[in-house]
Structures are given as C-alpha cells and as structure tokens.
Amino acid sequence: YMKLGGSTPHHWMFHCNLSFLSIRTCIDELPLSIRVLLEAAIRKCDDFYVRKEDVETILDWRRQQGSAEVPFSPARLLLQDFTGIPAMVDLAAMRDAVARQGGDPSQVNPKCPTDLIVDHALQIDFGKCAIQNAPNPGGGDSQATPVKSTPAKPRGCGPQRSCSKGACNDPPSTSAPAAAVQIENTPLLCPFHLQPVFEPEIALKNQEKELIRNRERLQFFKWCSQAFKNVNVVPPDISAVHQVNLEYLCQAVQEHEDFVYPDSVVGTDSHTTMVNGLGILGWGVGGIESEAVMLGQPVTLTLPKVVGCKLLGSVNVLATSIDIVLGITKHLRQAGISGKFVEFFGPGVSQLSAPDRTTIANMCPEYNATVSFFPVDDVTLKHFKQANFSEEKLELVEAYLKAVKLFRSYQDLGEDPHYSEVIEIDLSSIVPHVSGPKRSQDRVEVSNMKKDFLNCLNEKVGFKGFHIPVEKQTTLMPFLHGSREYQLTHGSVVLAALISCTNNCNPSVMLAAGLLAKKAVGAGLSVRPYIQTSLAPGSGMVTHYLSASGVLPYFSQLGFEVVGYGCATCVGNTSPLPEAVVNAIKQGDLVACGVLSGSRHFEGRLCDCVRANYLASPPLVVAYAIAGTVSIDFETEPLGTKPVGKEVYLRDVWPSREEVQHTEENMVISSIFRELREKMKRGNKLWKDLEASEAELFPWDPKSTYIRCPPFFNKLTKELCEPQPMENAHALLFLGDMVTTDHISPAGSIARVSAAAKYLQSKRLTPREFNSYGARRGNDAVMTRGTFASIKLQNRFVGKAGPKTLHVPSGQIMDVFDAAERYQRDGIPLIILAGKKYGSGNSRDWAAKGPYLLGVRAVIAESFEKLHKNHLVAMGIAPLQFLPGQSADSLELSGKEKFSLCIPKDLSPGQEITVKTSTGKTFQVIASFENAVDMVFYKHGGILKFVARNALP
C-alpha cells in the first residue's frame, strides 16, 4: 500500500524470502482480485492473525491456488439489521463484562469499520387506500405510544367507482386526467381508481407503525450508533442495504491514518457481490464470520482459483443489458466455476456500463462463483464522478490504483495477468431473444421470430403449437374501434405491458424503452388505439428515473400510462380488451398475442382470448406494440411509415448503447445518487425523535422479548483457564449424516408447541405476536430454545423426526431445550455424536451459539462442513473427528454411555484425544483444529471471550 504523497513500499517486503525484483514480477502476474488479497495481507501482517508466510503464499498464487488457506481482512463490514443485531447485542454484552472486571467499556468497539443498514423492518400496514390491522409483536407488559403526526389531506380518486376503504372519500380532482398526473415524487395510487393518493400520510402511518412494532430493536440500533466508535447505522426508510452499499458506502479506496488502500467488504447481505462490478472486492458471509471480522479476525478462505472471463466482439445493436447479463450468466453457469473467483478482462469489457457490471456481479449465486471482479477502468471512474465523488477524491483514486497496478486499460493486452483458466465470450454471439408463446423456457431469437410464429401455427396443439389449418392462417378480421376500421389476423398484438419488477436493479432496459418511444414519437409512429397498453413500474424509483430522464411523456403518447405499483398484467390483472377486439378474435379463431416484460406469461394467464404470450425486453415490447404484430422480421420489414409515407425500421428508432449509457450515467444515476445523499443528510425525522440511551452501557429491559443480554460472558475471568478434561459427559443428541444448519439453527416461524413458544407465552404474548426466529435473533432465550427445533431433525434417540431427544438418566423423551436445561442443572457436560458432513448448508451464527448455550462443549463427528467447524471453534466448542474408517456404528456406540474426554492442557491441531466410555470402551478422536489461532480461541472459550479479555486492564 502507499503512503499519501509517496510510494514507499512497506517494510514487510524486505523480510520476505523473495527479492524485491521477483516480488514485482509476481505481482505483475497476479490477477487483480488476488492483488487485493495480497495488499490486505501486507497491511494486516501481525504474525498472529496474518503471518509473513501468508503473504508469501499469496505471492506464490500460481502454485498455491486451490489448496493453501489464506486470511483476508476487508476494509469494512456490511450488516443488515436481522443479521447484524446478534453481533451488536454480543458487543453490548461484552461492554458489560469488561465493566464488571474493572475495565473501560468505552474501549470495546468494532475493530473493523461496520455499516449497519436498517432496511428489513418495515411492513406495509397502511397500503395505498386500505388500512390493514397487522399484529403488534412487542415485549412484556409495556405498551408503546405512537409518534404523533398531523397527516396531510389525501387527494381524491377518480370517478370510476366509489371507494369505501377509508382514504379516498374526497371529491375527484377535475384539474387533470390520469395521464397528466405528476409522477416524479413516487405517488401511491388507489388500487381501485388508479389515481394518486397523498404519499406523506401513508408513509408516516407506516413509519409510526414500524416504530411501535420494532421500537425495542430500533432503540437498540440508535444506542449502537451513539455508543460505539467505528459503527455507522443507516436508519430505516433510507434505502435497501445493497443500494446503500452501491450508492453511498463504496469508496473505491479507503483513507485512514495517512494511508490509502483498496476498498473491500464482506457483508451479511446476498447482494454484497454487486460491488465487484465497481472494482471493490467483496462477498457475502454468515453471522459468525461477520462477527469475527467486526472483532478484528480476518476471513479465512482457500486461495481461490481465478477464472479469467475474456469478453470479445461487439454487442449486437438490438441486445439490451439484460440480454448481455443473462448471456454471460448462461456461459459461466455451464463452465463449472463453483467457488472460484471470476475476473473480467478483454476489449469487450469497455462496452459494459457500471450498472451492467454490477448486475453481472450480482448474478454470482447463479453461476456459483465467489466473486465476479471488474477492475477499475475509465468507465468506472466516470461512474464515480456521477456518484458525486469530489475531484480531489477522483484524482486520489486514479493515482493510487495506477500506482499499485489495480487500474486496467482493457485495450492493453500487456496488462493481462495470468489466470487459472480463461473463458472467452463473444459479445456479438449474444442476440436478443423473446420467450414464448406459452413457456418462458422456450426462447426464440428475435431475428427468427416471424418464422417461429408461423411454425407455431402449423404445429400440433402443445407447448408451442396451435394447429391452425393452412387455409385459415391468412384470415383477416375487420372490426370497428372508435369509428375507425382495423383488421386483426394471427399474430396481431392486442396487449402490450411494460413491467419493471424484474429490471429494477439495472435501469438501462427501461431507459432504452423510453428512448425508443421518444424516437418513435419523433418519427410520427404510434400504437394502434385498440391495443391494451400499460406501464407498471416495479418501484417508485423506476418512475423517478423515467421522469428524471425525460422519457415518461413519450411513453404516455404511445399509450403506456403508469397504472400503479405492484403485480399487474403478468398475474392476469389487466383491464378487459375492447369488446369489438374480443369478437373479432373469437369469430376468426385467431391466435392473438400479448407481449410483456414481466415474468409470467403462459397461455390464458393474461386474458382468456389471448392465446400466444411472449416475454420480451422493455424496448421490444414497445417495438412490437408499434408494429402491431409479432409476425414481423425487423430487419426487412418496417415498423410503420411516417406521415409523409417514408418507411421507418426498428434500426431507425432503436437507441444505441452509447445513448442509453449517456442518459443512464448523466441523468439517472447522478439523480439517484443525489437523492440518496440528500436523504442521508436530511435523515429520518421519526428516527431522530426516537429516544435512546446515551450511556456507555446499554440499559437492558428485562421485559423485552426482542433484545436481551446474552450469557456468553457470565463466567468471564481475567485469568485464562486451561482446557479441562470432560468427565462423564452425556450425548445430548445422536445424529446421522448431513445434519445441516437448517436442522441446528432456528429459522422461519415459531411453532405454537415449541419451547420458544412456551417462553413467549410466559411473557404474555399471543401466537399472532410470536413473529419469527429471524426477528428475535437478539434474544438468546428464544434462539436457544429454537436450537435443534426443526421438525425434520432425525435424532437416533427418538423413533421419528422432530425436535425431541432422550434424557438418558431418566429415560424420558422431551424437548431438546428441556433436556439440556436439566443436564445443566445437574452439572453434566454435554457432547453431540454425529455422522458425515455435520453442519452443512448455509452459514448461521446461532447454529454454533445455540449449542454452546445448551451446554454442548464438543461435537464428535465423522466429518464436518469446514465453515461450521470454524464457527464451533469460534464459540469454544471442540470439533472432534472419528479416526478414518471409524464411526459411532463401527465402534458400536449406543449414545447412552457416559463419555470422558482426556483433553490435554497443551492441546494442538490434529492431536489425537482418548475417549473413554462408561461401558469400558476406549477410542481415539482427532482434534480437528486448523491452526494456532483456532487453539487460542478454544483455550479462551471462544473469540468473544478472547476479545473481552484483551480489553481488560
């Protein structure tokens, strides 16, 4: 990394076993994503978490990839509220523990800068016209008082129908028709009249309800924002976590203590990989990993293989961003790149806008890559400029990234690094498609659409065929509409719907449709008035950017009016077709068509008389609506004619990628960034008015059922206690193979007959107030009772699936929690017996925290899922592995024995431990720890106690 104002390499280089020249050569050959890992290892090298050997391993990437384990210390941590609250609760409890031991609680803070975005709390209780009385899950006896506000008077709805829902009783407005209503401020529409209702009243009511329901959680978050250093809390009603990450938190390079270094992030949100599109390395992690990162521990990963994805060729002029994203995703999915890094290079990258790149990076789960990295180039810098980076910041970003060779010119082949393998994708091979006429998997190239539709008429009735006799395929049916005669035939478009719900993350396709509409109107083209057209934005932000870019009026002129926000045409919510159109279709037995940009379209779904339905990109929806038929070859046949008689082809009105990207960057993105920054600056008034303690220690409310001080530190002492042998332990559970974190960790709703339900009922909550395990992750009493509460848990102690176990001393079958509580009351240590791949599945923090609080101190399994094994160690639970070829069955264990584990004080990774049973059987198990750091955490009783002890005087 580089000191501000200079480029002196850090002293570590001169301690490595490589010459400076060879280091420089190694770095030049490394993929740029690996260079980010290298920089972080250099900067964080402390010979504890990160060793010099780790740095040298990363430098030797070409030989070590896919095998060696390396640490990664991200520049920042991203949390959303549901996954972030357990980590913050643990940190608050750590402050209490440090204070009890005479330490300074204010010194307990995240070591890694942490952003927590409160975006998952809001429920819609007051939706548009209807007021829904949702349950009010809360804590104990206390009742919250809603924040008082004076709602503004709503505007009236239109005259079509009377509204009895309580918010639309004012007289209708006579000043303007629906088409002329100003939409740029995201109005909420009456679902009955499709007329705007005053937004602030509904928004305020929902926010008030949110404060009532989530008051305890929000007060805790606000206390965190005031009490902890290195914590930034983004309050509710600002934006979703991934949008805040992309549009506000991304820095390209970080500045701290006179040094700059690459921005990087790990987060608990599935969209974290989106930032890879901006040259920022990052991916999603589980709760334990995020908490460990917050406490200063790096993420450990296998040094990844890096697949170079070389983009060549020129983008097809009719291909949209979504076509490109899905085309690249399809190629990568077929390439078998699970768990690898993907890094894009080649001249084709320059044709992709920043939103294109972030959308491709967001598709990582679709092709099972860890990251999809686009190094920073001139396109990225231009994006940062639109993101309101200052000139000084932009100069620093460019100078630093070029100095450390993290900046790319994709045209310079000399900058191409070595990759594990290279996949070439010719962008010109990605051509626009539509899907249909009955199934989304039946894709048709647009250039082949006319031929394919004619084939569908000929084929037998089935997934694609309609079996129309040849002599009837040219049938023309005249009809009158608005005193003018029109004709319908097979393939005529009678319904065209623009729906952005599947395209919200990338505005380019809706902008392309708007720019096409603008050019079409300018050329004198129109849509036949009998075609049912509509525009249903997936969110208010879509309406905002369509308005900001100036294309909304042109949509309106072609008949694509904003009809509201929500599921519409693709779920069959469409107005009836004109009666004359329906009669013409029926009399001619015509295969009429619908074209929409949504996600559902099978036969009869849109309208019972519309037999052929096609999914298409938004600009193609507009194009087919103008053409009036799907039976058209856009290359050789015109869309229509100008008033002067000149033919207009699709190529004449199709916007270029340069036009779309210019509009996107200069009008849309800058507007979105500006609005978000203004929101951040303005803040949330209800959040500001929310009362929260300003004390260094959090004032725990004993009545709360959402926030509770966990007992992880109850037995914390200043002195480190050496590992002790476990005498006469019982097996809490006797499990088989493939026990997943879904079996271990509570998720979803809380069953009414569960241990967690009994606890909540004791707090005088009704079942409708239970909420979910996810919402109560800040309450250990709920989460511990939910551990092993899966109805699919197969416990060999019990004859059927369910959250039950055998209390061995009494012979009783009871809830897992009740049995564990009884064992702990009697002072009996607990273990778990398991088969292969214990802890597989998604990462969940409570899959390790829950067993620890149940009293489990060791798991003996045939094998572990590596990530979950790390979690067990982080909580102070010993992962012990049967010797190769051995298992509980081969050793003829019943699970009902008493187990004594001879754990030595000088325990080391891989050491064999003797286990003796009460039946006289003795066998060996392997201490499945990875390294010295694991041993330190285990000897301290987990990472939480390790960090707490380091904070003591």
# chains A, B, ... in the order shown; residues from 1 in each chain; ligands from 1
$ residues_around --residues "Leu381 of chain A" --least-positions-apart "4" --cutoff "10 Å" --atoms "only C-alpha atoms" --output "list of chain:residue names"
A:Ala252, A:Leu278, A:Ala354, A:Val376, A:Asp377, A:Lys385, A:Gln386, A:Ala387, A:Phe389, A:Leu394, A:Glu395, A:Val397, A:Glu398
$ write_last_selection --atoms "N, CA, C and O atoms" --output "short mmCIF file (atom, residue, chain, number, x, y, z; two decimals), in the first residue's frame"
data_model
loop_
_atom_site.label_atom_id
_atom_site.label_comp_id
_atom_site.auth_asym_id
_atom_site.auth_seq_id
_atom_site.Cartn_x
_atom_site.Cartn_y
_atom_site.Cartn_z
N ALA A 252 -14.11 3.09 -3.36
CA ALA A 252 -13.06 2.73 -4.31
C ALA A 252 -11.73 2.54 -3.60
O ALA A 252 -11.09 1.50 -3.72
N LEU A 278 -17.70 -2.62 -9.44
CA LEU A 278 -17.05 -1.32 -9.33
C LEU A 278 -15.59 -1.46 -8.90
O LEU A 278 -14.98 -0.51 -8.44
N ALA A 354 -21.24 0.72 -15.88
CA ALA A 354 -21.09 0.34 -14.47
C ALA A 354 -22.31 -0.44 -13.96
O ALA A 354 -22.15 -1.47 -13.29
N VAL A 376 -11.12 -1.60 -11.86
CA VAL A 376 -11.48 -0.21 -12.18
C VAL A 376 -10.83 0.21 -13.49
O VAL A 376 -9.67 -0.09 -13.76
N ASP A 377 -11.60 0.91 -14.32
CA ASP A 377 -11.09 1.47 -15.56
C ASP A 377 -11.70 2.85 -15.74
O ASP A 377 -12.30 3.41 -14.81
N LYS A 385 -17.57 9.65 -10.78
CA LYS A 385 -17.80 11.09 -10.93
C LYS A 385 -19.29 11.38 -10.83
O LYS A 385 -19.70 12.35 -10.17
N GLN A 386 -20.11 10.54 -11.48
CA GLN A 386 -21.56 10.72 -11.39
C GLN A 386 -22.06 10.42 -9.98
O GLN A 386 -23.12 10.89 -9.58
N ALA A 387 -21.28 9.63 -9.25
CA ALA A 387 -21.66 9.29 -7.88
C ALA A 387 -21.28 10.39 -6.89
O ALA A 387 -21.27 10.17 -5.69
N PHE A 389 -18.36 11.79 -6.38
CA PHE A 389 -17.01 11.85 -5.83
C PHE A 389 -16.43 13.24 -6.16
O PHE A 389 -16.61 13.75 -7.25
N LEU A 394 -11.42 11.75 -6.81
CA LEU A 394 -11.21 11.06 -8.08
C LEU A 394 -9.72 11.01 -8.44
O LEU A 394 -9.22 9.99 -8.92
N GLU A 395 -9.02 12.11 -8.21
CA GLU A 395 -7.58 12.14 -8.51
C GLU A 395 -6.83 11.15 -7.63
O GLU A 395 -5.92 10.45 -8.10
N VAL A 397 -8.09 8.39 -6.22
CA VAL A 397 -8.45 7.04 -6.64
C VAL A 397 -7.63 6.62 -7.85
O VAL A 397 -7.03 5.54 -7.87
N GLU A 398 -7.59 7.47 -8.85
CA GLU A 398 -6.88 7.13 -10.08
C GLU A 398 -5.37 6.98 -9.83
O GLU A 398 -4.75 6.01 -10.28
#
$ select_by_dssp --residues "segment 338-515 of chain A" --states "alpha helix (DSSP H)" --output "PyMOL selection string"
chain A and resi 354-362+364-367+378-386+391-403+449-458+508-515
$ residues_around --residues "Pro113 of chain A" --least-positions-apart "3" --cutoff "9 Å" --atoms "only C-alpha atoms" --output "PyMOL selection string"
chain A and resi 75-78+110+229-232+294
$ select_by_dssp --residues "segment 352-437 of chain A" --states "strand (DSSP E or B)" --output "list in words"
Val371, Ser372, Phe373, Val376, Phe407, Glu421, Val422, Ile423, Glu424, Ile425, Asp426, His433, Val434 and Ser435 of chain A
$ decode --residues "segment 338-449 of chain A" --atoms "C-alpha atoms" --output "mmCIF file, in the first residue's frame"
data_model
loop_
_atom_site.group_PDB
_atom_site.id
_atom_site.type_symbol
_atom_site.label_atom_id
_atom_site.label_comp_id
_atom_site.auth_asym_id
_atom_site.auth_seq_id
_atom_site.Cartn_x
_atom_site.Cartn_y
_atom_site.Cartn_z
ATOM 1 C CA SER A 338 -18.145 -23.178 -8.345
ATOM 2 C CA GLY A 339 -16.225 -21.493 -5.518
ATOM 3 C CA LYS A 340 -13.810 -19.674 -7.829
ATOM 4 C CA PHE A 341 -13.138 -16.013 -8.433
ATOM 5 C CA VAL A 342 -14.144 -14.708 -11.859
ATOM 6 C CA GLU A 343 -12.235 -11.725 -13.216
ATOM 7 C CA PHE A 344 -13.308 -9.975 -16.399
ATOM 8 C CA PHE A 345 -10.881 -8.668 -18.980
ATOM 9 C CA GLY A 346 -10.643 -8.143 -22.721
ATOM 10 C CA PRO A 347 -11.723 -5.310 -25.028
ATOM 11 C CA GLY A 348 -15.416 -6.161 -24.662
ATOM 12 C CA VAL A 349 -15.466 -5.029 -21.009
ATOM 13 C CA SER A 350 -15.243 -1.393 -22.081
ATOM 14 C CA GLN A 351 -18.666 -1.726 -23.714
ATOM 15 C CA LEU A 352 -20.317 -2.529 -20.405
ATOM 16 C CA SER A 353 -21.612 0.301 -18.237
ATOM 17 C CA ALA A 354 -21.089 0.337 -14.468
ATOM 18 C CA PRO A 355 -24.700 -0.828 -13.841
ATOM 19 C CA ASP A 356 -24.163 -3.651 -16.364
ATOM 20 C CA ARG A 357 -21.112 -4.775 -14.417
ATOM 21 C CA THR A 358 -22.806 -4.617 -11.028
ATOM 22 C CA THR A 359 -25.730 -6.626 -12.395
ATOM 23 C CA ILE A 360 -23.390 -9.316 -13.740
ATOM 24 C CA ALA A 361 -21.545 -9.386 -10.406
ATOM 25 C CA ASN A 362 -24.857 -9.705 -8.591
ATOM 26 C CA MET A 363 -25.531 -12.929 -10.513
ATOM 27 C CA CYS A 364 -22.680 -14.760 -8.728
ATOM 28 C CA PRO A 365 -25.065 -17.167 -6.964
ATOM 29 C CA GLU A 366 -26.500 -18.108 -10.350
ATOM 30 C CA TYR A 367 -23.174 -19.470 -11.579
ATOM 31 C CA ASN A 368 -21.767 -20.361 -8.121
ATOM 32 C CA ALA A 369 -18.724 -18.097 -8.214
ATOM 33 C CA THR A 370 -17.476 -16.405 -5.061
ATOM 34 C CA VAL A 371 -16.917 -13.047 -6.759
ATOM 35 C CA SER A 372 -17.132 -11.572 -10.256
ATOM 36 C CA PHE A 373 -14.499 -8.870 -10.305
ATOM 37 C CA PHE A 374 -14.314 -5.968 -12.753
ATOM 38 C CA PRO A 375 -11.090 -3.988 -12.151
ATOM 39 C CA VAL A 376 -11.475 -0.211 -12.178
ATOM 40 C CA ASP A 377 -11.087 1.471 -15.563
ATOM 41 C CA ASP A 378 -12.098 4.771 -17.173
ATOM 42 C CA VAL A 379 -15.779 3.694 -17.264
ATOM 43 C CA THR A 380 -15.698 3.080 -13.504
ATOM 44 C CA LEU A 381 -14.040 6.446 -12.873
ATOM 45 C CA LYS A 382 -16.754 8.164 -14.907
ATOM 46 C CA HIS A 383 -19.343 6.367 -12.781
ATOM 47 C CA PHE A 384 -17.653 7.550 -9.584
ATOM 48 C CA LYS A 385 -17.801 11.089 -10.926
ATOM 49 C CA GLN A 386 -21.556 10.718 -11.391
ATOM 50 C CA ALA A 387 -21.656 9.291 -7.879
ATOM 51 C CA ASN A 388 -20.633 12.711 -6.615
ATOM 52 C CA PHE A 389 -17.010 11.855 -5.833
ATOM 53 C CA SER A 390 -15.086 15.114 -5.473
ATOM 54 C CA GLU A 391 -12.357 15.972 -7.967
ATOM 55 C CA GLU A 392 -9.797 15.510 -5.201
ATOM 56 C CA LYS A 393 -11.169 12.052 -4.408
ATOM 57 C CA LEU A 394 -11.205 11.063 -8.084
ATOM 58 C CA GLU A 395 -7.577 12.144 -8.505
ATOM 59 C CA LEU A 396 -6.572 10.140 -5.453
ATOM 60 C CA VAL A 397 -8.452 7.045 -6.640
ATOM 61 C CA GLU A 398 -6.876 7.126 -10.080
ATOM 62 C CA ALA A 399 -3.353 7.896 -8.855
ATOM 63 C CA TYR A 400 -3.391 5.227 -6.154
ATOM 64 C CA LEU A 401 -4.910 2.420 -8.249
ATOM 65 C CA LYS A 402 -2.489 3.079 -11.079
ATOM 66 C CA ALA A 403 0.462 3.182 -8.677
ATOM 67 C CA VAL A 404 -0.363 -0.245 -7.227
ATOM 68 C CA LYS A 405 -1.462 -1.717 -10.574
ATOM 69 C CA LEU A 406 -5.141 -2.125 -9.711
ATOM 70 C CA PHE A 407 -6.263 0.021 -12.658
ATOM 71 C CA ARG A 408 -6.967 -1.526 -16.050
ATOM 72 C CA SER A 409 -6.942 -0.446 -19.634
ATOM 73 C CA TYR A 410 -8.853 -3.309 -21.183
ATOM 74 C CA GLN A 411 -7.430 -2.498 -24.609
ATOM 75 C CA ASP A 412 -3.835 -3.103 -23.436
ATOM 76 C CA LEU A 413 -3.138 -6.830 -23.765
ATOM 77 C CA GLY A 414 0.183 -6.316 -21.997
ATOM 78 C CA GLU A 415 -1.694 -5.733 -18.733
ATOM 79 C CA ASP A 416 -3.421 -9.114 -18.844
ATOM 80 C CA PRO A 417 -2.337 -11.206 -15.826
ATOM 81 C CA HIS A 418 -2.128 -14.987 -15.587
ATOM 82 C CA TYR A 419 -5.348 -16.842 -14.817
ATOM 83 C CA SER A 420 -6.134 -20.384 -13.699
ATOM 84 C CA GLU A 421 -8.117 -20.754 -16.901
ATOM 85 C CA VAL A 422 -9.642 -18.450 -19.476
ATOM 86 C CA ILE A 423 -13.198 -18.491 -20.799
ATOM 87 C CA GLU A 424 -13.849 -16.437 -23.921
ATOM 88 C CA ILE A 425 -17.287 -14.959 -24.574
ATOM 89 C CA ASP A 426 -18.003 -13.280 -27.897
ATOM 90 C CA LEU A 427 -20.457 -10.499 -27.118
ATOM 91 C CA SER A 428 -21.632 -10.473 -30.728
ATOM 92 C CA SER A 429 -22.983 -14.011 -30.162
ATOM 93 C CA ILE A 430 -25.393 -12.674 -27.544
ATOM 94 C CA VAL A 431 -28.501 -11.859 -29.523
ATOM 95 C CA PRO A 432 -31.859 -10.615 -28.259
ATOM 96 C CA HIS A 433 -34.482 -13.228 -27.513
ATOM 97 C CA VAL A 434 -38.124 -13.387 -26.591
ATOM 98 C CA SER A 435 -39.753 -16.266 -24.727
ATOM 99 C CA GLY A 436 -42.972 -17.954 -25.690
ATOM 100 C CA PRO A 437 -45.602 -18.362 -26.852
ATOM 101 C CA LYS A 438 -46.582 -20.434 -23.805
ATOM 102 C CA ARG A 439 -43.481 -21.175 -21.666
ATOM 103 C CA SER A 440 -40.599 -18.990 -20.501
ATOM 104 C CA GLN A 441 -38.025 -21.694 -21.301
ATOM 105 C CA ASP A 442 -38.971 -21.631 -24.995
ATOM 106 C CA ARG A 443 -36.600 -18.888 -26.161
ATOM 107 C CA VAL A 444 -36.787 -17.506 -29.674
ATOM 108 C CA GLU A 445 -34.210 -15.284 -31.342
ATOM 109 C CA VAL A 446 -35.843 -12.033 -32.389
ATOM 110 C CA SER A 447 -34.361 -12.410 -35.872
ATOM 111 C CA ASN A 448 -36.208 -15.745 -36.146
ATOM 112 C CA MET A 449 -39.461 -14.611 -34.540
#
